[in-house]
Structures are given as structure tokens and as C-alpha cells.
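Only one structure is covered here, and it is reproduced in the block below.
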Amino acid sequence: MRIGQSLKFLAFGLVCSMAATTSYATTYSVYDSGNFSELLTTCPGDEISRVLYSVNVGPLSVNDILVVDAESELSNPTSNNVDIGTGLVLAASSSATTGRVIGSHNGFNVTNLQFHGVPVKHAVYKIASPTSLQFVNQIVDCAAYDLIVEPDYGRLQVLVIHP
Amino acid sequence: MRGWRATVTALLGLAVFAPAHAATFSNFDSGNFGELLTSSPGDDAYRVLYSVDLGSLAKGDILVVACDAELTNHGSANVGLASQLRLGTSVSDLGGVELDEANQFLVPPIMLHGVPYKHAIYEVKTNTASHFVNFLIASTGTLAVEQDYGRLQVLVIHP
């Protein structure tokens, strides 16, 4: 009888402790595209979006939070101003340019005087509904003239918070 | 009596199963007028513009870093401005671990002000004596560092 009661008390204790553990179970995962992780050598001047950096953050759950940083350097060897657009998407593959927009797509002109354009992208995004998407991609597009992607002058970094 | 036993058992369970990994957070800021330079000489050599001491770091700690600055070209020629975030052993360390990539752009006289904006997310991979986050700049011509027009901020997550 006493053994049975003790087992019940132990089970009760375990349930309590598991509940407490669950409430503190936030985990953090960091992903980095790393050195020389550029997926392009040039950004063709055709205004078509392409993936410059990509990281696979694995399966995501509702309420997960993504903190994303990306930067790159693209050079303008022409004598013209060249518009470069960049954005951040959560996508189905490392080559997908569409999916969930997690950072607005916007752009600026890289003047020939400035020579190098350094788009800096940042996003804080909460997974609001179930998804199978698990690639964070930085996409770029260039207008009218090609820009050169400088290798190892940028990268993509992601912190995933699993609350 | 039963309630007392249950309470003791529950507390025992908590002691055994409660996570030892409850995250803690620390915030660091170079603050107002945190610039360590008044100008960036045009020798293309890196110098530390902002620095914060994080104290000790352990394997698994996560750094979330943001930094910006404003530098002015009062000359008549284009000036290349490069910058990078690194984790070093002192406030003047130019080496250490790169937290992001060095990159640059030109500041033409007509543009006047260049504003490098740098950020990084980094997980400490091994126990390290490096605990200074340094923001490095280099320029191909003299640039004035605008005082109190930038800063370095770091969030450290101890998972």
C-alpha cells in the first residue's frame, strides 16, 4: 500500500516537474551561411530575383521566432547608376525566390561614384501558422546592368528562438 | 501528511528535472559619445571605432550585435570606407574572430556622409578568452568621425 502511494506521489512530482520544465523549454539555434557562401557571382541586369544567400533552419513550428541578418557587397563596374533590390523570404528550397516574405523587398541605386553597394537586411519574424518552409533566402535583383557579387564580403545569419 | 509527501516529492522532481539551462540575457551598449576615434586616417588600416566588453563568454552563448556610425568626407576625392565586427581579446584588438564579413563602399564628396550599418548573429563555438566586440573601420582617405552619431550594441543570450 505504502509503495503504491509513494509511486503515486512520485508520479505527481514528475508531472509537476515536467510541467515546470515545459514552461522553461525555450531553445535557441544559430545558423550562418559562412565564408564564401555566395550562390551568385553576378547579379544580371534583368530584374529577375535570384537567391544570393540561403540557410536551412530545419522544421519550424508555430510561434517560433526568426531573427535574421544579411549583408552583401555588389560592385558597379559601369558608368551608369544600377538599381539593386533585395529582400528576405522563407522558402521551400535554397533556390526559391518566393514564399513567405519576412523582410520587405526594397532597393537603391548603386552609383558609379559609390561603386560598391552594401544592402543590409534585417528581419524579426514570428511563425504565425503551420509551415513546411524552412529555408531563409536573401534574394537580389538588378536593373539594366550587371553587378558583380563580391565573394566573402557578406553572409546570412539567422537566430531561431523556439519558445 | 500525504500533501506534505507530495510536496516534497514534487520539489525533489523539480530539483532533478528543472532545467539548468534557463536562459539569461545581458545587454551592452557603447553609449553616447562612445567613439574611440575622431577621424579615420586615409591609410587603409583598420582601427577600432567602437568597443564593448562582454565579460566572460562560454561555449553556446549567442551574440546579437548591431552597430552604426557616421563618417564625413570633407575632401574632394572619393574615399573607400570598409568596416567589420570582430570578437577580440582587448579594446584595441584588430584580430580575433570575425562576426560578420568586412565590406565597403565609396563615400563620394557629393554624398558627404557615409553610414556603415553592421550587424551579426554569432554562437560562441568554444570556450574563449575573447570577450570584446569591436567595430573596425578603415578608409582610403581621411574621414571625420561624427561624434555621438553611432554606437555599438550587443545582446548576449546565455542559453
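We label chains A, B, ... in the order they appear in the C-alpha cells, count residues from 1 in each chain, and number ligands from 1 in the order shown.
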(request) With a distance cut-off of 6 Å and only C-alpha atoms, select the neighbouring residues of range 139-145 of chain A, excluding the residue or stretch itself and same-chain residues fewer than 4 positions from it, and output the selection as a VMD selection string. (result) chain A and resid 45 to 52 83 to 87
(request) Apply DSSP to the backbone of this structure and, from range 8-134 of chain A, keep only the residues in strand (DSSP E); write these as an NGL selection string. (result) :A and (27-32 or 42-43 or 50-56 or 65-71 or 74-75 or 82-91 or 100-110 or 116-117 or 120-126)
(request) Please identify all polymer residues within 12 Å of Val67 in chain A, counting only C-alpha atoms, omitting same-chain residues fewer than 6 positions from it, and present them as a PyMOL selection string. (result) (chain A and resi 28-32+57+88+102-103+121-127+136+156-162) or (chain B and resi 63-65+119-122)
(request) Counting only C-alpha atoms, figure out which residue out of B:Gln84, B:Ser51, B:Ser26, B:Thr89 gets nearest to chain A. (result)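 Checking each candidate against chain A, we get B:Gln84 as the closest.
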(request) Considering only C-alpha atoms, state which residue in the set B:Ala58, B:Ala82, B:Val145, B:Ile137 is at the smallest distance from chain A. (result) B:Ala82
(request) Extract, using only C-alpha atoms, all DNA, RNA and protein residues at most 10 Å from Pro130 in chain A, discarding same-chain residues fewer than 6 positions from it, and format them as a PyMOL selection string. (result) chain A and resi 60-63
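The shell of residues at most 8 Å from Asp61 in chain B, with only C-alpha atoms counted and near chain neighbours (fewer than 6 positions) removed, consists of Glu123, Val124, Val156, Ile157, His158 and Pro159 of chain B.
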(request) Considering only C-alpha atoms, state which residue in the set B:Val133, B:Leu106, B:Ala138, B:Ala69 is at the smallest distance from Ser83 in chain B. (result) B:Ala138
(message) Restricting the calculation to only C-alpha atoms: of A:Thr27, A:Ser132, A:Thr41, A:Ser104, which residue gets closest to chain B?
(response) A:Thr27
(request) From range 8-112 of chain A, collect each residue whose DSSP state is alpha helix (DSSP H) and return the set as a list in words. (result) Lys8, Phe9, Leu10, Ala11, Phe12, Gly13, Leu14, Val15, Cys16, Ser17, Met18, Ala19, Ala20, Thr21, Thr22 and Ser23 of chain A
The selected residues should be written to file as an mmCIF file, in the first residue's frame (atoms: C-alpha atoms).
```cif
data_model
loop_
_atom_site.group_PDB
_atom_site.id
_atom_site.type_symbol
_atom_site.label_atom_id
_atom_site.label_comp_id
_atom_site.auth_asym_id
_atom_site.auth_seq_id
_atom_site.Cartn_x
_atom_site.Cartn_y
_atom_site.Cartn_z
ATOM 1 C CA LYS A 8 1.543 7.971 -6.957
ATOM 2 C CA PHE A 9 3.342 10.774 -5.146
ATOM 3 C CA LEU A 10 6.385 10.265 -7.352
ATOM 4 C CA ALA A 11 4.216 10.352 -10.460
ATOM 5 C CA PHE A 12 2.599 13.554 -9.198
ATOM 6 C CA GLY A 13 6.017 15.058 -8.619
ATOM 7 C CA LEU A 14 7.167 14.070 -12.083
ATOM 8 C CA VAL A 15 4.101 15.631 -13.673
ATOM 9 C CA CYS A 16 4.695 18.844 -11.758
ATOM 10 C CA SER A 17 8.348 18.927 -12.716
ATOM 11 C CA MET A 18 7.609 18.170 -16.364
ATOM 12 C CA ALA A 19 5.093 20.991 -16.440
ATOM 13 C CA ALA A 20 7.678 23.320 -14.959
ATOM 14 C CA THR A 21 10.290 22.100 -17.407
ATOM 15 C CA THR A 22 7.982 22.669 -20.333
ATOM 16 C CA SER A 23 7.355 26.255 -19.338
#
```
(message) When you count only C-alpha atoms, which of these residues is closest to chain B: A:Gln114, A:Asn56, A:Gln134, A:Ser72?
(response)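 Distance minimum relative to chain B lands on A:Gln114.
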(request) Between A:Asn137, A:His116, A:Leu147, A:Pro59, single out the one closest to chain B, counting only C-alpha atoms. (result) A:His116
